[in-house]
Structure formats: structure tokens, C-alpha cells
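query.cif (mmCIF, C-alpha atoms) appears below.
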data_coords
loop_
_atom_site.label_atom_id
_atom_site.label_comp_id
_atom_site.auth_asym_id
_atom_site.auth_seq_id
_atom_site.Cartn_x
_atom_site.Cartn_y
_atom_site.Cartn_z
CA MET A 1 15.04 -10.99 8.11
CA VAL A 2 13.82 -13.96 10.17
CA ARG A 3 17.03 -15.92 9.62
CA GLU A 4 19.73 -13.26 9.66
CA HIS A 5 18.29 -10.21 11.46
CA ILE A 6 15.88 -11.64 14.01
CA ASP A 7 16.88 -9.11 16.70
CA ALA A 8 16.17 -6.22 14.31
CA LEU A 9 12.80 -7.78 13.47
CA ARG A 10 11.88 -8.10 17.15
CA ALA A 11 13.03 -4.53 17.81
CA GLY A 12 10.94 -3.29 14.89
CA MET A 13 7.82 -5.02 16.17
CA ARG A 14 8.53 -3.64 19.67
CA ARG A 15 8.67 -0.10 18.23
CA ARG A 16 5.28 -0.74 16.63
CA GLY A 17 3.92 -1.93 19.99
CA ALA A 18 3.17 -5.28 18.36
CA LEU A 19 5.90 -7.56 19.73
CA ASP A 20 3.75 -9.22 22.40
CA ALA A 21 1.06 -10.06 19.85
CA LEU A 22 3.48 -11.17 17.15
CA SER A 23 6.13 -12.92 19.26
CA PRO A 24 4.54 -16.40 18.91
CA THR A 25 4.26 -15.85 15.14
CA ILE A 26 7.89 -14.79 14.89
CA GLU A 27 9.08 -17.78 16.94
CA ARG A 28 7.03 -20.10 14.75
CA ALA A 29 8.64 -18.56 11.66
CA VAL A 30 12.10 -19.13 13.12
CA ALA A 31 11.28 -22.78 13.86
CA LEU A 32 9.77 -23.34 10.42
CA ASP A 33 12.75 -21.77 8.68
CA LYS A 34 15.11 -24.05 10.63
CA SER A 35 12.94 -27.07 9.81
CA ARG A 36 12.84 -26.08 6.14
CA ARG A 37 16.63 -25.89 5.88
CA GLU A 38 17.07 -29.19 7.73
CA THR A 39 14.55 -30.89 5.45
CA ILE A 40 16.26 -29.54 2.32
CA GLN A 41 19.58 -30.88 3.61
CA ALA A 42 18.00 -34.27 4.36
CA VAL A 43 16.52 -34.45 0.85
CA GLU A 44 19.88 -33.62 -0.72
CA GLU A 45 21.64 -36.26 1.41
CA ARG A 46 19.15 -38.95 0.38
CA LYS A 47 19.34 -37.96 -3.26
CA ALA A 48 23.11 -38.22 -3.10
CA ALA A 49 22.81 -41.64 -1.43
CA ARG A 50 20.37 -42.79 -4.11
CA ASN A 51 22.80 -41.72 -6.83
CA VAL A 52 25.53 -43.80 -5.21
CA VAL A 53 23.20 -46.79 -4.97
CA SER A 54 22.20 -46.36 -8.62
CA GLN A 55 25.86 -46.47 -9.63
CA GLN A 56 26.38 -49.63 -7.58
CA VAL A 57 23.34 -51.23 -9.23
CA GLY A 58 24.88 -50.54 -12.62
CA GLN A 59 28.21 -52.00 -11.56
CA ARG A 60 26.60 -55.21 -10.32
CA LYS A 61 24.50 -55.65 -13.44
CA ARG A 62 27.55 -55.18 -15.64
CA ALA A 63 29.28 -57.85 -13.58
CA GLY A 64 26.28 -60.17 -13.97
CA GLU A 65 25.53 -60.06 -10.24
CA SER A 66 22.16 -59.64 -8.50
CA ALA A 67 21.25 -56.08 -7.45
CA ASP A 68 17.87 -56.79 -5.86
CA ASP A 69 18.93 -55.55 -2.42
CA LEU A 70 20.34 -52.32 -3.86
CA GLN A 71 17.22 -51.72 -5.96
CA GLN A 72 15.08 -52.18 -2.84
CA GLN A 73 17.31 -49.70 -1.03
CA SER A 74 16.91 -47.25 -3.92
CA ARG A 75 13.10 -47.57 -3.77
CA GLU A 76 13.16 -46.96 -0.01
CA LEU A 77 15.31 -43.87 -0.51
CA GLY A 78 12.86 -42.70 -3.19
CA ASP A 79 9.94 -43.13 -0.81
CA GLU A 80 11.83 -41.23 1.88
CA ILE A 81 12.60 -38.40 -0.55
CA ALA A 82 8.91 -38.19 -1.56
CA ARG A 83 7.87 -38.03 2.12
CA LEU A 84 10.40 -35.31 2.87
CA ASP A 85 9.31 -33.34 -0.22
CA ARG A 86 5.72 -33.40 1.08
CA GLU A 87 6.90 -32.22 4.49
CA LEU A 88 8.96 -29.48 2.83
CA ALA A 89 5.98 -28.28 0.79
CA GLU A 90 3.81 -28.12 3.92
CA THR A 91 6.51 -26.28 5.84
CA GLU A 92 7.06 -23.75 3.04
CA THR A 93 3.31 -23.13 2.70
CA GLU A 94 2.95 -22.42 6.44
CA LEU A 95 6.11 -20.31 6.52
CA SER A 96 5.01 -18.20 3.53
CA ALA A 97 1.62 -17.59 5.15
CA ILE A 98 3.27 -16.48 8.40
CA LEU A 99 5.73 -14.15 6.66
CA LEU A 100 2.82 -12.43 4.89
CA GLU A 101 1.38 -11.58 8.32
CA LEU A 102 4.49 -9.73 9.56
CA PRO A 103 4.49 -5.93 9.04
CA ASN A 104 7.42 -3.91 7.73
CA VAL A 105 10.14 -2.68 10.08
CA THR A 106 10.06 1.12 10.40
CA LEU A 107 13.15 3.22 9.74
CA ASP A 108 15.31 4.72 12.49
CA GLU A 109 13.94 8.24 12.03
CA VAL A 110 10.40 7.04 12.81
CA PRO A 111 9.59 7.59 16.50
CA ALA A 112 8.49 4.66 18.62
CA GLY A 113 5.01 4.62 20.15
CA GLY A 114 1.46 5.06 18.98
CA GLU A 115 -0.61 7.95 17.62
CA GLU A 116 0.31 10.10 20.62
CA SER A 117 3.94 10.03 19.43
CA ASN A 118 3.23 11.40 15.93
CA LYS A 119 5.28 14.52 15.17
CA VAL A 120 4.24 17.63 13.20
CA VAL A 121 7.30 18.44 11.06
CA ARG A 122 5.99 21.54 9.25
CA THR A 123 2.88 23.58 8.55
CA TRP A 124 1.65 25.79 5.70
CA GLY A 125 -1.01 28.49 5.80
CA THR A 126 -3.31 29.62 8.59
CA PRO A 127 -6.32 27.49 9.58
CA ARG A 128 -9.64 29.32 9.45
CA GLU A 129 -11.37 29.99 12.75
CA GLY A 130 -14.89 31.01 13.64
CA ALA A 131 -18.10 29.43 14.82
CA ARG A 132 -20.08 30.61 11.77
CA VAL A 133 -18.48 28.14 9.36
CA GLN A 134 -21.02 25.62 8.12
CA PRO A 135 -20.01 21.96 7.98
CA HIS A 136 -19.50 20.75 4.43
CA TRP A 137 -22.54 18.45 4.40
CA GLU A 138 -24.82 21.42 5.06
CA ILE A 139 -23.31 23.82 2.53
CA GLY A 140 -22.83 21.03 -0.04
CA ALA A 141 -26.50 20.08 0.16
CA ARG A 142 -27.68 23.71 0.18
CA LEU A 143 -25.70 24.51 -2.97
CA GLY A 144 -26.95 21.36 -4.71
CA LEU A 145 -23.45 19.89 -5.01
CA VAL A 146 -23.92 16.67 -3.04
CA ASP A 147 -26.92 14.36 -2.75
CA PHE A 148 -26.37 12.18 0.32
CA GLU A 149 -29.90 10.79 0.55
CA ARG A 150 -30.10 9.44 -3.00
CA GLY A 151 -26.58 8.05 -2.78
CA ALA A 152 -27.68 6.03 0.25
CA LYS A 153 -30.89 5.02 -1.50
CA ILE A 154 -29.23 3.54 -4.56
CA SER A 155 -26.14 2.02 -2.92
CA GLY A 156 -26.28 2.25 0.88
CA SER A 157 -24.64 4.43 3.48
CA GLY A 158 -21.17 5.63 2.60
CA PHE A 159 -21.90 6.18 -1.10
CA ILE A 160 -22.25 9.70 -2.48
CA VAL A 161 -23.86 11.32 -5.52
CA PHE A 162 -22.31 14.57 -6.78
CA ARG A 163 -24.57 16.71 -8.95
CA ARG A 164 -24.26 19.74 -11.25
CA ASN A 165 -21.25 21.80 -10.14
CA GLY A 166 -20.48 19.09 -7.59
CA ALA A 167 -19.89 16.61 -10.42
CA ARG A 168 -17.83 19.20 -12.32
CA PHE A 169 -15.92 19.79 -9.07
CA VAL A 170 -14.81 16.15 -8.99
CA ARG A 171 -13.78 16.19 -12.66
CA SER A 172 -11.93 19.46 -12.18
CA LEU A 173 -9.90 18.09 -9.28
CA MET A 174 -8.90 15.08 -11.38
CA ASN A 175 -7.76 17.27 -14.26
CA LEU A 176 -5.86 19.69 -12.03
CA MET A 177 -4.00 16.95 -10.16
CA LEU A 178 -3.10 14.90 -13.24
CA ASP A 179 -1.97 17.97 -15.17
CA VAL A 180 0.32 19.08 -12.34
CA HIS A 181 1.77 15.65 -11.59
CA ALA A 182 2.19 14.56 -15.21
CA GLY A 183 3.36 18.00 -16.32
CA ALA A 184 5.35 19.86 -13.68
CA HIS A 185 6.32 16.78 -11.64
CA GLY A 186 7.17 14.39 -14.47
CA TYR A 187 4.95 11.40 -13.63
CA GLU A 188 3.81 9.08 -16.39
CA GLU A 189 0.03 9.40 -16.60
CA THR A 190 -1.53 5.94 -16.42
CA TRP A 191 -5.07 4.57 -16.59
CA VAL A 192 -5.38 1.27 -14.72
CA PRO A 193 -8.04 -1.40 -14.07
CA VAL A 194 -10.08 -1.11 -10.90
CA VAL A 195 -10.30 -4.92 -10.62
CA VAL A 196 -7.16 -6.81 -9.57
CA ASN A 197 -6.32 -10.41 -8.74
CA ARG A 198 -5.25 -11.82 -5.39
CA ALA A 199 -1.54 -11.82 -6.29
CA SER A 200 -1.67 -8.07 -6.86
CA MET A 201 -3.31 -7.45 -3.49
CA ILE A 202 -0.74 -9.65 -1.75
CA GLY A 203 2.09 -7.87 -3.55
CA THR A 204 1.26 -4.46 -2.10
CA GLY A 205 0.32 -5.76 1.36
CA GLN A 206 -3.48 -5.43 1.37
CA LEU A 207 -3.82 -9.21 1.65
CA PRO A 208 -4.07 -11.31 3.65
CA LYS A 209 -4.26 -8.91 6.62
CA PHE A 210 -6.95 -6.51 5.36
CA GLU A 211 -9.19 -8.82 3.37
CA ASP A 212 -12.26 -7.89 5.47
CA ASP A 213 -11.88 -4.25 4.34
CA MET A 214 -11.87 -5.13 0.64
CA TYR A 215 -14.72 -5.54 -1.81
CA ALA A 216 -14.29 -9.05 -3.22
CA LEU A 217 -15.85 -10.22 -6.49
CA LYS A 218 -17.59 -13.47 -5.70
CA GLY A 219 -16.46 -16.42 -7.78
CA ASP A 220 -13.49 -14.65 -9.40
CA ASP A 221 -10.95 -14.37 -6.55
CA ALA A 222 -10.63 -10.74 -7.61
CA PHE A 223 -11.08 -7.44 -5.79
CA LEU A 224 -12.09 -3.84 -6.40
CA ILE A 225 -9.02 -1.73 -5.72
CA PRO A 226 -8.74 0.22 -2.45
CA THR A 227 -6.25 2.54 -4.19
CA ALA A 228 -4.53 2.79 -7.58
CA GLU A 229 -1.31 1.95 -5.73
CA VAL A 230 -2.22 -1.72 -6.21
CA PRO A 231 -2.36 -1.89 -10.03
CA LEU A 232 0.40 0.72 -10.47
CA THR A 233 2.89 -1.14 -8.28
CA ASN A 234 1.99 -4.52 -9.78
CA LEU A 235 2.64 -3.32 -13.30
CA TYR A 236 6.21 -4.52 -12.71
CA ARG A 237 5.51 -7.60 -10.59
CA ASP A 238 7.97 -10.41 -11.43
CA GLU A 239 10.02 -8.08 -13.64
CA VAL A 240 13.59 -6.77 -13.62
CA LEU A 241 13.99 -3.10 -14.56
CA PRO A 242 17.23 -1.60 -15.85
CA GLU A 243 18.70 0.87 -13.36
CA SER A 244 18.69 3.50 -16.12
CA GLU A 245 14.86 3.61 -15.87
CA LEU A 246 14.93 4.51 -12.17
CA PRO A 247 13.45 6.48 -10.61
CA LYS A 248 10.26 5.50 -12.42
CA ALA A 249 7.24 7.65 -11.51
CA LEU A 250 3.60 6.81 -12.30
CA ALA A 251 0.37 8.72 -11.60
CA ALA A 252 -3.18 7.50 -12.04
CA TYR A 253 -6.70 8.62 -11.25
CA SER A 254 -9.09 5.92 -10.08
CA PRO A 255 -12.20 5.34 -8.04
CA CYS A 256 -11.30 3.50 -4.83
CA PHE A 257 -13.40 1.04 -2.83
CA ARG A 258 -13.10 0.26 0.88
CA ARG A 259 -15.58 -1.49 3.11
CA GLU A 260 -14.06 0.20 6.22
CA ALA A 261 -15.04 -2.90 8.21
CA GLY A 262 -12.90 -1.83 11.14
CA ALA A 263 -14.16 1.75 11.28
CA ALA A 264 -17.85 1.30 12.12
CA GLY A 265 -19.36 4.42 13.65
CA LYS A 266 -16.38 6.70 12.91
CA ASP A 267 -16.85 9.97 10.97
CA THR A 268 -20.11 8.81 9.44
CA ARG A 269 -21.41 12.26 8.44
CA GLY A 270 -20.72 13.90 5.11
CA LEU A 271 -17.63 13.07 3.08
CA LEU A 272 -15.21 12.14 5.84
CA ARG A 273 -15.43 8.34 5.53
CA VAL A 274 -17.06 6.82 2.46
CA HIS A 275 -16.94 3.43 0.76
CA GLU A 276 -16.29 4.70 -2.78
CA PHE A 277 -14.16 7.74 -3.47
CA ASP A 278 -11.92 9.26 -6.13
CA LYS A 279 -8.19 9.76 -5.85
CA VAL A 280 -5.07 10.51 -7.84
CA GLU A 281 -2.26 8.21 -6.74
CA LEU A 282 1.50 8.64 -7.10
CA VAL A 283 3.90 5.65 -7.19
CA ARG A 284 7.68 5.70 -7.49
CA PHE A 285 10.19 2.86 -8.08
CA VAL A 286 13.67 3.86 -6.89
CA THR A 287 17.07 2.48 -5.89
CA PRO A 288 17.49 1.65 -2.18
CA GLU A 289 20.09 4.37 -1.65
CA THR A 290 17.70 7.12 -2.78
CA SER A 291 14.38 6.12 -1.21
CA GLY A 292 14.72 8.53 1.73
CA GLU A 293 15.15 11.61 -0.44
CA GLN A 294 12.54 10.28 -2.88
CA LEU A 295 9.97 10.22 -0.05
CA GLU A 296 10.66 13.90 0.60
CA LEU A 297 10.20 14.63 -3.11
CA LEU A 298 6.95 12.67 -3.38
CA THR A 299 5.57 14.40 -0.27
CA ALA A 300 6.46 17.79 -1.73
CA HIS A 301 4.57 16.89 -4.90
CA ALA A 302 1.41 16.14 -2.89
CA GLU A 303 1.89 19.37 -0.90
CA THR A 304 1.96 21.36 -4.15
CA ILE A 305 -1.68 20.48 -4.80
CA LEU A 306 -2.72 21.65 -1.33
CA GLN A 307 -0.92 24.93 -1.90
CA LEU A 308 -2.61 25.40 -5.28
CA LEU A 309 -5.96 24.78 -3.57
CA GLU A 310 -4.99 27.34 -0.90
CA LEU A 311 -5.72 24.95 1.95
CA PRO A 312 -3.75 25.26 5.21
CA TYR A 313 -2.15 21.96 6.11
CA ARG A 314 0.39 20.25 8.30
CA VAL A 315 2.84 17.42 7.60
CA VAL A 316 2.89 14.73 10.29
CA ARG A 317 5.53 12.02 10.65
CA LEU A 318 3.71 8.96 11.93
CA ALA A 319 5.11 7.03 14.87
CA SER A 320 5.89 3.34 14.44
CA GLY A 321 2.67 2.18 16.09
CA ASP A 322 0.57 4.38 13.79
CA THR A 323 2.48 3.55 10.59
CA GLY A 324 0.69 1.36 8.07
CA PHE A 325 1.36 -2.38 7.83
CA ALA A 326 3.58 -2.21 4.72
CA SER A 327 5.26 1.15 5.33
CA ALA A 328 8.68 1.87 6.82
CA HIS A 329 8.19 5.66 7.02
CA THR A 330 5.01 7.68 6.44
CA TYR A 331 4.10 11.37 6.30
CA ASP A 332 0.42 12.22 6.62
CA LEU A 333 -0.81 15.48 5.09
CA GLU A 334 -3.66 16.90 7.15
CA VAL A 335 -5.95 19.81 6.25
CA TYR A 336 -7.88 21.71 8.87
CA ALA A 337 -11.64 21.71 8.21
CA ALA A 338 -13.13 24.60 10.17
CA GLY A 339 -16.74 23.45 9.89
CA VAL A 340 -15.92 20.03 11.30
CA GLY A 341 -13.36 21.46 13.72
CA LYS A 342 -10.68 18.86 13.10
CA TRP A 343 -7.60 18.02 11.06
CA LEU A 344 -8.41 15.68 8.16
CA GLU A 345 -5.86 13.32 6.62
CA VAL A 346 -5.97 13.85 2.84
CA SER A 347 -2.78 12.01 1.88
CA SER A 348 -0.37 9.42 3.23
CA CYS A 349 3.06 9.44 1.58
CA SER A 350 5.06 6.32 2.37
CA ASN A 351 8.42 4.68 1.78
CA PHE A 352 7.93 0.90 1.75
CA THR A 353 11.64 0.17 1.32
CA ASP A 354 11.85 -3.32 -0.28
CA PHE A 355 8.78 -4.72 1.55
CA GLN A 356 6.42 -4.61 -1.43
CA ALA A 357 9.20 -5.40 -3.91
CA ARG A 358 9.96 -8.68 -2.11
CA ARG A 359 6.29 -9.68 -2.04
CA ALA A 360 5.80 -8.74 -5.70
CA ASN A 361 9.32 -9.72 -6.85
CA ILE A 362 10.20 -6.36 -8.43
CA ARG A 363 13.92 -5.95 -9.02
CA TYR A 364 16.35 -3.83 -11.00
CA LYS A 365 19.60 -4.65 -12.79
CA PRO A 366 22.43 -2.39 -11.51
CA ALA A 367 24.25 -0.38 -14.13
CA ASP A 368 27.58 -1.81 -12.97
CA GLY A 369 26.51 -5.30 -14.04
CA GLY A 370 25.89 -6.68 -10.54
CA LYS A 371 23.17 -9.17 -9.84
CA PRO A 372 19.56 -7.87 -9.64
CA ARG A 373 18.46 -6.12 -6.44
CA PHE A 374 15.02 -5.36 -5.08
CA VAL A 375 13.76 -1.84 -5.81
CA HIS A 376 12.31 0.38 -3.13
CA THR A 377 8.69 1.46 -3.73
CA LEU A 378 6.96 4.62 -2.57
CA ASN A 379 3.47 5.95 -2.98
CA GLY A 380 1.20 8.72 -1.85
CA SER A 381 -2.19 10.23 -2.53
CA GLY A 382 -1.91 13.25 -4.70
CA LEU A 383 -4.71 13.71 -3.47
CA ALA A 384 -7.89 11.94 -2.24
CA PHE A 385 -10.98 13.93 -3.29
CA PRO A 386 -13.73 13.67 -0.60
CA ARG A 387 -11.92 15.37 2.27
CA ILE A 388 -10.39 17.89 -0.13
CA ILE A 389 -13.90 18.81 -1.27
CA ALA A 390 -15.04 19.02 2.36
CA SER A 391 -12.09 21.26 3.24
CA ILE A 392 -12.63 23.59 0.27
CA LEU A 393 -16.32 23.97 1.08
CA GLU A 394 -15.51 24.83 4.68
CA HIS A 395 -12.30 26.85 4.37
CA HIS A 396 -13.34 28.92 1.33
CA GLN A 397 -17.01 29.57 2.15
CA GLN A 398 -18.06 33.22 2.16
CA GLU A 399 -20.34 35.37 4.28
CA ASP A 400 -23.04 35.32 1.58
CA GLY A 401 -23.16 31.51 1.64
CA SER A 402 -21.16 30.97 -1.54
CA VAL A 403 -17.82 29.19 -1.79
CA ARG A 404 -14.77 30.80 -3.39
CA VAL A 405 -13.05 28.52 -5.89
CA PRO A 406 -9.22 28.68 -5.73
CA ALA A 407 -7.75 30.22 -8.87
CA ALA A 408 -5.86 27.06 -9.86
CA LEU A 409 -9.14 25.12 -9.84
CA SER A 410 -11.49 27.76 -11.25
CA LYS A 411 -10.04 27.49 -14.77
CA TYR A 412 -11.08 23.82 -14.82
CA LEU A 413 -14.43 24.36 -13.14
CA GLY A 414 -15.28 27.41 -15.22
CA ALA A 415 -16.45 29.36 -12.18
CA GLU A 416 -14.86 31.51 -9.51
CA ARG A 417 -17.60 30.81 -6.97
CA LEU A 418 -20.00 28.03 -6.11
CA THR A 419 -23.44 29.54 -5.50
#
Kindly transcribe the structure held in the file into C-alpha cells.
Amino acid sequence: MVREHIDALRAGMRRRGALDALSPTIERAVALDKSRRETIQAVEERKAARNVVSQQVGQRKRAGESADDLQQQSRELGDEIARLDRELAETETELSAILLELPNVTLDEVPAGGEESNKVVRTWGTPREGARVQPHWEIGARLGLVDFERGAKISGSGFIVFRRNGARFVRSLMNLMLDVHAGAHGYEETWVPVVVNRASMIGTGQLPKFEDDMYALKGDDAFLIPTAEVPLTNLYRDEVLPESELPKALAAYSPCFRREAGAAGKDTRGLLRVHEFDKVELVRFVTPETSGEQLELLTAHAETILQLLELPYRVVRLASGDTGFASAHTYDLEVYAAGVGKWLEVSSCSNFTDFQARRANIRYKPADGGKPRFVHTLNGSGLAFPRIIASILEHHQQEDGSVRVPAALSKYLGAERLT
């Protein structure tokens, strides 16, 4: 991209509103790439010259002549090659670090601009209205489902304890989502570690940019996962898949951990922004030609859960400036929470094109026998639990203070109402 499509890269950063900030970084990358290629050429020229000198040394020795001057020349060329190799290593290290800081280029269908340019592409259901709807933190505490105070006592703010039917609620959501995605939608159910190494976090784009938001394990250079996307995607890091296995679809439940270092003071009440939460994640590995339609399919799969939970929602196409670092095209699914009086994002479904695949070196072998190509990766929440729980408590609460449990969920929870 830096070498062959620099104008497209600049245009992509301009659409994100990030060109001014990133322009010096991009120019440095261009200069380093040029320097790298020139140094490689210089090394090859000196190696070729040393080979010639070595042949001449052999010729002189066979003729019984002195080759001291040529041997000195060979040593000097060797020293020069070693110096250039050190320069090359330093250049490549700096260039690699810079390239990891550059976000993905968004696709043409993604509007330019920031959050104000996001577009609602469709809606489902009718949001509940009325001033008598209790916020979820009040009804959750009153029904004994959520214990905010003891969660803060044992772990700190942003950590939640679910109790009794609240705990069963969490388990029921996990079972419902996994059954639907692994059954009706054909995902391979997977159980993954919640601790990953640095290479895995770099592969999916969390590092180095978002390191301050991650929970690091001191002394191990390892991290608690912010989403199951990280271990799922890295299952195939440094591998080549046969095209016959694509599209490959994986689903996993996991707890997720985020420090939210950049979100201090935002949505601090209730379940809207917590440091540990549960989520079912969907990941797809696809051919480049199909990634656009595969994003629509993945988004529809996440929407199915919202429909089963009978929650009104809208699908929002994010503008370039509001699209995540690694994504080329993202749909946010937002549910209206009447007690809070706002739309809550409960899923982001993204097409990363080959951005993650290049970082993690995930390729596929075309069926026609061509050389391996990078896959396109996609992922989405299917869904994240806390805001779903908040939305159910608010949207389905009844006049008598109970909460109606959607039919699709009640068979897992074993109750039709929360009282």
C-alpha cells in the first residue's frame, strides 16, 4: 500500500479525518521503504563484488601469485555488508512499527466524515416509549438480579455480580446464542483461551495502538482478551487454508476484559460500560471476492438474536471517521433502551478485508492452483450480554414491576417472567 498505492492510502486516511495527524508517519514510511530497497540493492551489489573477488583470489592462488590485496578487499566488502545489514535491520524494525500504526482503508460504500455521518440503513420493531420505564440498574437491583455494590467491593468499579435468576439469565443468553449460531447458522462452536500472547493481539489490530485499554499480565507479555475475536482469528495465524474450507465460520463464548482507559466518566451507571463482560463472538474467514456479501450474512446472523429477544433495533453503517482501526466497513446494531433513553450499541459487525490477514499471515491456496492469497476476515458480536440484559429489563418490564422473558429465552431460563 505504501509503495504502490500511496494516493489511495492518503485518500483513505483523509476519509477517516486522520490524514493531518498521520501524514508525517506516512511520509516516514515512504522514506523508510525507499531506504530499505536501496540498502537491499547495495548489499546485493557488494555480495556480487565479493564473489568476483573470491574467484580472483582462487585464480591467483592457483597461479602461485600473491592475493593479499584481494583478500583485504574481500574483508572490506564483508565489513561493508555487515554494516549495511545492521542498517537494514534497523530500517525494517522502524518501518514495521510504523506500518502497525496505520489504520485500515475503508471501502467505497463507507461514507466519509465522523459520527455525524453515520447512516441508519434499516430498523426492526418499535422502540418502547413512556416516562414510567425504570432504568435497568433500578429494576435489576430490585429483582435481586444484579449486585453492583458487592461487585465494586470485590473487584472495583466496572465489575458486576449477577445473582440468582440474574446468573441464570447470563447462562441462558450464552446457550441461546451458541445454539442458534452453531445450529441454524452453521458456525463451528469453539472454546478458546482468555489469555493470549502479544503476537495474537498484534495480528487482530489491538496492539500496539490500544495497549492502554488492555489488561496485561505482568511478567508474561500476555493479555486478557478484549474479545474472542483475538483467539478465534489467530487460530490460523501463519497458516495456509485450502480454498475448499472457505468460508470458515467460528463462534465462541468468552468473558471479555477491557480497561476502557479512554472512556473515563462515560456511561458509568449500571451495565452500559463495564470492565468484564460476557459475549458470543462470530468470526468468518472468506475469499476476497465474497467478503462484502459475507458481511451482510454475518450481520443478519447477529440480527436474528435481537429478533428472537424481541428487541427493537437499528442497523447503522459507520462513517469512515467512526469506523474501528482495523475495519474497512462496519455495521453497528443498536437497541433502544427506554429506561436510559438512548440507543445502545450491542454488536459491531465488520469486514476487515485483508488487514488482519496480512498482520497475522493468514492465507488460502486457490482451488485453481494459483499461489496463496490473503483471506479476508470478518467478525461481529452475536451478541454482547450486558447491554442486552439492560435492554431486556427496560423494554420488557411490566406494569406490576416484573419483566417478561422473551419466549426464545424462557425455555433456557425456565421462567416466563422475572419477579
Could you write out as JSON the box around segment 154-163 of chain A (axis-aligned, all atoms listed in the file, 8 Å on each side), with centre and edge lengths in Å to one decimal?
{"center_x": -25.2, "center_y": 9.4, "center_z": -2.7, "size_x": 24.1, "size_y": 30.7, "size_z": 28.4}
Item checked: Answer key for the PyMOL selection byres ((chain A and resi 389) around 12), residues as a PyMOL selection string -> chain A and resi 135-137+139-140+145-146+162+165-174+270-272+277-279+306+309+311+335+337+344+346+383-388+390-397+403+405-406+409
Would you write out, as a JSON list (two decimals) with C-alpha atoms, in the frame of the given file, every residue that the PyMOL selection byres ((chain A and resi 322-331) around 9) captures in this file?
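So part-v6.json came out as:
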[["chain", "number", "residue", "atom", "x", "y", "z"],
["A", 16, "ARG", "CA", 5.28, -0.74, 16.63],
["A", 102, "LEU", "CA", 4.49, -9.73, 9.56],
["A", 103, "PRO", "CA", 4.49, -5.93, 9.04],
["A", 104, "ASN", "CA", 7.42, -3.91, 7.73],
["A", 105, "VAL", "CA", 10.14, -2.68, 10.08],
["A", 106, "THR", "CA", 10.06, 1.12, 10.40],
["A", 107, "LEU", "CA", 13.15, 3.22, 9.74],
["A", 109, "GLU", "CA", 13.94, 8.24, 12.03],
["A", 110, "VAL", "CA", 10.40, 7.04, 12.81],
["A", 113, "GLY", "CA", 5.01, 4.62, 20.15],
["A", 114, "GLY", "CA", 1.46, 5.06, 18.98],
["A", 115, "GLU", "CA", -0.61, 7.95, 17.62],
["A", 116, "GLU", "CA", 0.31, 10.10, 20.62],
["A", 117, "SER", "CA", 3.94, 10.03, 19.43],
["A", 118, "ASN", "CA", 3.23, 11.40, 15.93],
["A", 204, "THR", "CA", 1.26, -4.46, -2.10],
["A", 205, "GLY", "CA", 0.32, -5.76, 1.36],
["A", 206, "GLN", "CA", -3.48, -5.43, 1.37],
["A", 209, "LYS", "CA", -4.26, -8.91, 6.62],
["A", 292, "GLY", "CA", 14.72, 8.53, 1.73],
["A", 295, "LEU", "CA", 9.97, 10.22, -0.05],
["A", 299, "THR", "CA", 5.57, 14.40, -0.27],
["A", 315, "VAL", "CA", 2.84, 17.42, 7.60],
["A", 316, "VAL", "CA", 2.89, 14.73, 10.29],
["A", 317, "ARG", "CA", 5.53, 12.02, 10.65],
["A", 318, "LEU", "CA", 3.71, 8.96, 11.93],
["A", 319, "ALA", "CA", 5.11, 7.03, 14.87],
["A", 320, "SER", "CA", 5.89, 3.34, 14.44],
["A", 321, "GLY", "CA", 2.67, 2.18, 16.09],
["A", 332, "ASP", "CA", 0.42, 12.22, 6.62],
["A", 333, "LEU", "CA", -0.81, 15.48, 5.09],
["A", 347, "SER", "CA", -2.78, 12.01, 1.88],
["A", 348, "SER", "CA", -0.37, 9.42, 3.23],
["A", 349, "CYS", "CA", 3.06, 9.44, 1.58],
["A", 350, "SER", "CA", 5.06, 6.32, 2.37],
["A", 351, "ASN", "CA", 8.42, 4.68, 1.78],
["A", 352, "PHE", "CA", 7.93, 0.90, 1.75],
["A", 353, "THR", "CA", 11.64, 0.17, 1.32],
["A", 355, "PHE", "CA", 8.78, -4.72, 1.55],
["A", 356, "GLN", "CA", 6.42, -4.61, -1.43],
["A", 378, "LEU", "CA", 6.96, 4.62, -2.57]]
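The spacing separating atom CA of Trp191 of chain A from atom CA of Arg358 of chain A amounts to 24.7 Å.
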Notebook entry, point to check: So how far away is atom CA of Thr287 of chain A from atom CA of Ala367 of chain A, in Å?
Noted result: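 So the answer is 11.3 Å.
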Next item on the list: Give me the residues within 8 Å of Leu88 of chain A as a PyMOL selection string, counting all atoms listed in the file and dropping any in the same chain fewer than 5 places off.
Entry: chain A and resi 36+39-40
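In terms of minimum interatomic distance to Pro208 of chain A, A:Ser96 ranks closest within A:Ser96, A:Thr91, A:Ser244, A:Thr233, counting only C-alpha atoms.
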Margin query: For a test of reading the model, state the distance in Å between atom CA of Glu189 of chain A and atom CA of Gln307 of chain A, rounded to one decimal.
Written below: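 According to the coordinates, atom CA of Glu189 of chain A and atom CA of Gln307 of chain A are separated by 21.4 Å.
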Notebook entry, point to check: Between A:Arg269, A:His301, A:Val375, A:Ala184, which is the closest to Lys248 of chain A once you count only C-alpha atoms?
Noted result: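 Residue with the minimum atom-to-atom distance to Lys248 of chain A: A:Val375.
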Notebook entry, point to check: Could you write out as a ChimeraX atom specification the residues that the PyMOL selection byres ((chain A and resi 34) around 12) matches in the shown file?
Noted result: /A:2-4,27-33,35-41,88,91-92,95
Margin query: Given only C-alpha atoms as the basis, pick out the residue of A:Asn379, A:Thr123, A:Gln134, A:Asn361 nearest to Gln398 of chain A.
Written below: A:Gln134
Notebook entry, point to check: Could you name the residues that touch Val180 of chain A at 10 Å or less, counting all atoms listed in the file, but leaving out those on the same chain fewer than 6 positions away, as a PyMOL selection string?
Noted result: chain A and resi 186-187+301-302+304-305+308+382
Checklist line | Shell around Glu245 of chain A at 12 Å using all atoms listed in the file, local window under 4 positions removed, as a PyMOL selection string | finding: chain A and resi 240-241+249+284-287+363-367+375
